[in-house]
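Everything on this sheet refers to the single structure shown next.
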Amino acid sequence: MGGAETAGLAIVAGTGDLPRLLAEECVASGRSYLVVVFEGTNLDWLEGHPVYRVPIEKPGRLIKHLKSNRIEAVVFAGAMVRPDINPVKLDILGAKLAASVLSGSKKGDDAVLREVAATFENAGFIVEAAHSVMPTLLPRAGVLGEIQPSAMDRSDVVRAAELTRKLGELDVGQGAVVVQGLCLGLETLQGTDRMLEFVARTENVRPNPKNGRGVLFKAPKPQQDRRMDLPVIGVETVRKAHAAGLGGIAIAAGGVMVPGLAETLAEADRLGLFLWCRAEE
């Protein structure tokens with residue numbers, strides 16, 4: 001089997017920009033690849049890319065197809081909603097995986113993802129991280145844009161990082177919103193966008209913005225398998241943070257991907273938000 005750098009790659013694609021960017025990276029680097037799309041997932045960028053559509057109940061069929069096409073590595077990219085599984089359609093491997101996932105789901109998303117990764121590894125595939133396929137997804141540490149966080153912003157980030165770590169230890173979420181020391185939002189299964197929309201509706205409970213507008217902090221879970229489900233922010237995150245009245249976004253250095261970094265920074269600067277890639281202190 002070839003090394004991860006040269007192995008043919010299956011991009012198991014959810015929604016969002018990330019799977020498209022990985023496919024384009026493969027094209028640019030000359031790496032062979034195949035985009036895997038589960039039935040029911042609608043993507044508008046697939047034209048011109050090699051695509052294999054498969055029911056989510058048929059992992060055995062998927063693995064057989066990947067091997068017959070000399071695919072040796074797999075990367076999971078993009079958002080995926082929890083699927084409705086039809087037990088009647090499950091193949092043998094699907095039934096085995098479904099039982100493992102059901103058991104793991106009681107522990108949290110990370111446990112489920114580890115079961116999925118183990119299934120592909122046991123079949124002989126390399127499970128790659130998106131940021132190993134495309135290293136530029138992880139920005140350098142430091143304040144990335146023109147706006148600098150204030151002393152209050154930095155204090156709020158410390159508080160939000162503490163809350164996010166506690167959430168992660170429980171395998172619940174990867175982000176928090178703090179305004180002048182007060183927690184206005186914790187990320188759960190609904191995700192970052194829904195949390196920010198909730199914060200945007202809480203004007204009646206937030207402190208005077210003159211003393212600090214608040215921050216969004218994102219980080220991976222402490223025990224997380226960083227090959228899968230690493231947090232992602234982008235232009236829409238910046239816009240929703242601005243709509244929520246926040247002063248900026250901080251992310252854990254080396255732990256949060258930013259597809260389209262230049263566009264994200266430009267939007268943050270335009271809207272007057274700081275973007276801080278914070279090294280662990």
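Labels for the structure tokens follow display order: chains A, B, ..., residues from 1 in each chain, ligands from 1.
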
>> Which residues are near A:Val81? Cut-off 12 Å, only C-alpha atoms, ignore same chain within fewer than 2 positions. Put them as a VMD selection string.
In response: chain A and resid 13 to 15 38 40 to 41 56 78 to 79 83 to 85 109 189 to 191

Counting only C-alpha atoms, give me one row per residue of stretch 234-275 of chain A with an atom at most 9 Å from an atom of stretch 137-153 of chain A, showing the shortest contact pair and its distance in Å to one decimal, sorted by chain then residue number, as a Markdown table.
```
| residue | atom | partner | partner_atom | distance |
| --- | --- | --- | --- | --- |
| A:Gly247 | CA | A:Asp153 | CA | 7.6 |
| A:Gly248 | CA | A:Pro149 | CA | 7.3 |
| A:Ala250 | CA | A:Val143 | CA | 8.8 |
| A:Ala252 | CA | A:Ala141 | CA | 8.5 |
| A:Ala253 | CA | A:Ala141 | CA | 5.5 |
| A:Gly254 | CA | A:Leu138 | CA | 6.0 |
| A:Gly255 | CA | A:Leu138 | CA | 7.4 |
| A:Val256 | CA | A:Leu138 | CA | 6.5 |
| A:Met257 | CA | A:Leu138 | CA | 5.0 |
| A:Val258 | CA | A:Leu137 | CA | 5.4 |
| A:Pro259 | CA | A:Leu137 | CA | 5.6 |
| A:Gly260 | CA | A:Leu137 | CA | 8.1 |
| A:Leu261 | CA | A:Pro139 | CA | 7.7 |
| A:Leu265 | CA | A:Gly145 | CA | 5.8 |
| A:Ala266 | CA | A:Gly145 | CA | 7.8 |
| A:Ala268 | CA | A:Gly145 | CA | 7.3 |
| A:Asp269 | CA | A:Glu146 | CA | 6.0 |
| A:Gly272 | CA | A:Ile147 | CA | 6.5 |
| A:Leu273 | CA | A:Ile147 | CA | 6.2 |
| A:Phe274 | CA | A:Ile147 | CA | 4.6 |
| A:Leu275 | CA | A:Leu144 | CA | 5.7 |
```

> Which neighbours of A:Val12 fall inside 12 Å, counting only C-alpha atoms, when residues of the same chain fewer than 2 positions from it are skipped, and could you give them as a ChimeraX atom specification?
Replying inline: /A:9-10,14-15,18-20,22-23,33-39,41,51-54,56,59,62-63,66,73-80,116-117,120,127-130,228

Dump as a tab-separated table (two decimals), in the first residue's frame, selection limited to C-alpha atoms:
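File out_15.tsv, as written:
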```tsv
chain	number	residue	atom	x	y	z
A	9	LEU	CA	-8.13	9.16	-2.11
A	10	ALA	CA	-11.86	8.75	-1.48
A	14	GLY	CA	-20.93	16.19	3.06
A	15	THR	CA	-22.17	19.72	2.51
A	18	LEU	CA	-14.49	21.67	2.33
A	19	PRO	CA	-15.03	18.56	0.15
A	20	ARG	CA	-14.96	20.68	-3.00
A	22	LEU	CA	-10.16	18.86	-1.25
A	23	ALA	CA	-11.22	17.64	-4.68
A	33	TYR	CA	-9.35	10.65	-6.15
A	34	LEU	CA	-13.01	9.75	-6.08
A	35	VAL	CA	-15.84	11.77	-4.51
A	36	VAL	CA	-18.19	9.55	-2.51
A	37	VAL	CA	-21.71	10.93	-2.08
A	38	PHE	CA	-24.33	9.19	0.01
A	39	GLU	CA	-27.77	9.07	-1.56
A	41	THR	CA	-26.90	14.38	-0.18
A	51	VAL	CA	-18.24	10.55	-8.34
A	52	TYR	CA	-19.60	7.39	-6.75
A	53	ARG	CA	-23.09	7.53	-5.24
A	54	VAL	CA	-24.03	4.88	-2.72
A	56	ILE	CA	-25.45	4.95	3.38
A	59	PRO	CA	-20.64	0.37	3.40
A	62	LEU	CA	-18.65	1.15	-0.96
A	63	ILE	CA	-15.50	-0.57	0.28
A	66	LEU	CA	-13.06	1.69	-3.58
A	73	ALA	CA	-7.09	6.32	1.62
A	74	VAL	CA	-10.29	7.94	2.84
A	75	VAL	CA	-11.03	11.45	4.09
A	76	PHE	CA	-14.34	12.57	5.60
A	77	ALA	CA	-15.21	16.19	4.82
A	78	GLY	CA	-18.21	18.46	5.14
A	79	ALA	CA	-21.30	18.54	7.30
A	80	MET	CA	-23.53	15.49	7.47
A	116	VAL	CA	-16.64	4.68	11.38
A	117	ALA	CA	-12.89	5.26	11.08
A	120	PHE	CA	-12.35	1.63	7.10
A	127	VAL	CA	-7.96	7.41	7.20
A	128	GLU	CA	-6.57	10.87	6.49
A	129	ALA	CA	-7.37	14.23	8.02
A	130	ALA	CA	-8.61	16.96	5.69
A	228	MET	CA	-12.46	13.55	11.60
```

>> Going by DSSP on the backbone, which residues of stretch 55-255 of chain A come out as alpha helix (DSSP H)? List them as a VMD selection string.
In response: chain A and resid 59 to 68 92 to 105 109 to 122 130 to 133 151 to 169 192 to 200 235 to 243

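We find atom CA of A:Ala99 and atom CA of A:Arg61 to be spaced 17.8 Å apart.
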
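Atom CA of A:Pro231 is found 26.0 Å from atom CA of A:Ile71.
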
> So which residues touch A:Lys58 within 6 Å, counting only C-alpha atoms, skipping near sequence neighbours fewer than 2 positions away, as number ranges by chain?
Replying inline: A: 55-56, 60-61, 90-91, 94

Prev. selection, C-alpha atoms, output as a tab-separated table (two decimals), in the first residue's frame:
```
chain	number	residue	atom	x	y	z
A	55	PRO	CA	-26.75	4.29	-0.12
A	56	ILE	CA	-25.45	4.95	3.38
A	60	GLY	CA	-19.68	-3.09	2.19
A	61	ARG	CA	-20.59	-2.11	-1.38
A	90	LEU	CA	-28.35	-2.76	5.39
A	91	ASP	CA	-25.68	-5.02	3.94
A	94	GLY	CA	-23.74	-2.06	7.38
```

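Atom to atom, atom CA of A:Lys96 and atom CA of A:Thr119 stand 9.5 Å apart.
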
>> Calculated over only C-alpha atoms, which of the candidates A:Glu236, A:Glu162, A:Glu263, A:Glu72 has the smallest distance to A:Lys218?
In response: A:Glu162

> Which one of A:Ala219, A:Val179, A:Leu170, A:Val112 sits closest to A:Arg206 if you count only C-alpha atoms?
Replying inline: A:Val179
